[in-house]
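*Asks:* Shown below is the structure under consideration.
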Amino acid sequence: MHKRTISLLSVFVAVGFRLELFAADIFFKQQIRQEAATSSGQIRTIVEDTTDVWLANGRASINSRQYKTVFDWQKRLLFIADHRKKTIVQIPLDFDRPIDQAASPMSPQERTEFQRMLGQTTDLRVSVQATNERRTIGRWECRKYVQTLESGATQINAEIWATQDIAADEQLYALYSAALFAQIPGVGPNLKSVMEEMKKIKGVYVLLLQQREMMGQTSTSRMELLEYREAAAPADAFAMPADYRKQAL
């Protein structure tokens, strides 16, 4: 499984519910920082970047210096472009039918391993609890939510501060949640139930503080909203780079 499908979700957790096609497009910019402890106990920075996110017509695009991720809800496909390696990975998200062998870059052996891995990671649990804690972050009044996610040897604990000051299209914003959750192994078959639980978070999240435990390793992340607006998405917002080569999972 491509490492990006595991690592990107550890930076974000979001709100989610039923998705459709929408008229308005949404853009927002975030600042992210991810750190992890080394074997000697020292803290090192893994990721420090900003991301540009576009949401429109059942698709989400998340672009940073290293990666561009496009999630197509209608096609149930996830595309991840690695700008450094100039490669593209395509991940099927419709787990009710076999992987399309003609469209998939995976070999028969890789497809078998992929399906085996999915069978081992479907035991996923997520919970969200609203609190009465409130604070102003930037120019937004926010409420605190506590979220936990467990899947196999992975546990993610998050503190989410969300605002209802932004008049966002809630269903369109939910598309971003689906794009992020879809990238962690085991979530695909559980996506609907996971997003149903995440409905408890009201509004757009402004600050997320997260700790992830995986196989004895601990990492932390921070995400903060910098900008949010409605605007027409550029023509290439959801396109993969034409000169990149396809890579198997």
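Ordering of the structure tokens sets the chain letters (A, B, ...); residue numbers start at 1 within each chain; ligands are numbered from 1 in the order shown.
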Please extract the residues of region 206-245 of chain A with a backbone DSSP assignment of strand (DSSP E or B) and present them as a ChimeraX atom specification.
*Replies:* /A:206-214,217-230,245
*Asks:* Residues at most 7 Å from Glu48 (chain A), counting only C-alpha atoms, excluding those fewer than 6 positions away in the same chain, as a list in words?
*Replies:*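 Everything that qualifies: Ile32, Arg33 and Gln34 of chain A.
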*Asks:* Can you write out the residues you just picked, keeping C-alpha atoms, as a PDB file, in the first residue's frame?
*Replies:*
```pdb
ATOM      1  CA  ILE A  32       0.028  22.110   8.672  1.00  0.00           C
ATOM      2  CA  ARG A  33       2.843  20.839  10.840  1.00  0.00           C
ATOM      3  CA  GLN A  34       3.535  17.199  11.689  1.00  0.00           C
TER       4      GLN A  34
END
```
*Asks:* Quick one: everything within 8 Å of Cys142 (chain A), counting only C-alpha atoms, minus sequence neighbours fewer than 4 positions away in the same chain. Send it as a PyMOL selection string.
*Replies:* chain A and resi 134-137+161-164+206
*Asks:* From the options A:Gln147, A:Thr50, A:Gln210, A:Thr69, which residue's atoms come nearest to Gln129 (chain A), counting only C-alpha atoms?
*Replies:*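 Distance minimum relative to Gln129 (chain A) lands on A:Gln147.
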*Asks:* In Å, with one decimal, what is the gap from CA of Asp25 (chain A) to CA of Tyr205 (chain A)?
*Replies:* 17.7 Å
*Asks:* Quick check, in Å to one decimal: how far apart do CA of Lys246 (chain A) and CA of Val89 (chain A) lie?
*Replies:*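 A separation of 6.0 Å between them.
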*Asks:* Report, in Å with one decimal, the straight-line distance from CA of Leu207 (chain A) to CA of Gln74 (chain A).
*Replies:*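 Those two atoms sit 29.1 Å apart.
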*Asks:* For Glu159 (chain A), work out the shell of residues within 6 Å, counting only C-alpha atoms and skipping chain neighbours fewer than 2 positions away, then give it as a list in words.
*Replies:* Tyr145, Val146, Leu208 and Leu209 of chain A
*Asks:* I'd like the contact shell of region 214-216 of chain A - 10 Å cut-off, only C-alpha atoms, skipping same-chain residues fewer than 4 positions apart - returned as a ChimeraX atom specification.
*Replies:* /A:150-156
*Asks:* Next, the residues of the selection above should be written as a compact mmCIF listing (two decimals), in the first residue's frame with C-alpha atoms.
*Replies:*
```txt
# COMPACT_ATOMS: atom_id res chain seq x y z
CA GLU A 150 -8.98 3.16 16.16
CA SER A 151 -8.06 0.73 13.41
CA GLY A 152 -5.87 -2.29 14.10
CA ALA A 153 -2.61 -1.06 15.61
CA THR A 154 -3.43 2.59 14.91
CA GLN A 155 -5.12 5.04 17.28
CA ILE A 156 -5.70 8.72 16.51
```
*Asks:* With distances taken over only C-alpha atoms, which of A:Glu170, A:Gln90, A:Asn57, A:Leu225 is nearest to Gln247 (chain A)?
*Replies:*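 Closest to Gln247 (chain A), using only C-alpha atoms: A:Gln90.
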*Asks:* Do you know which residues are at most 10 Å from Tyr67 (chain A) counting only C-alpha atoms, after dropping those on the same chain fewer than 2 positions away, and could you put them as a count of residues only?
*Replies:* 18
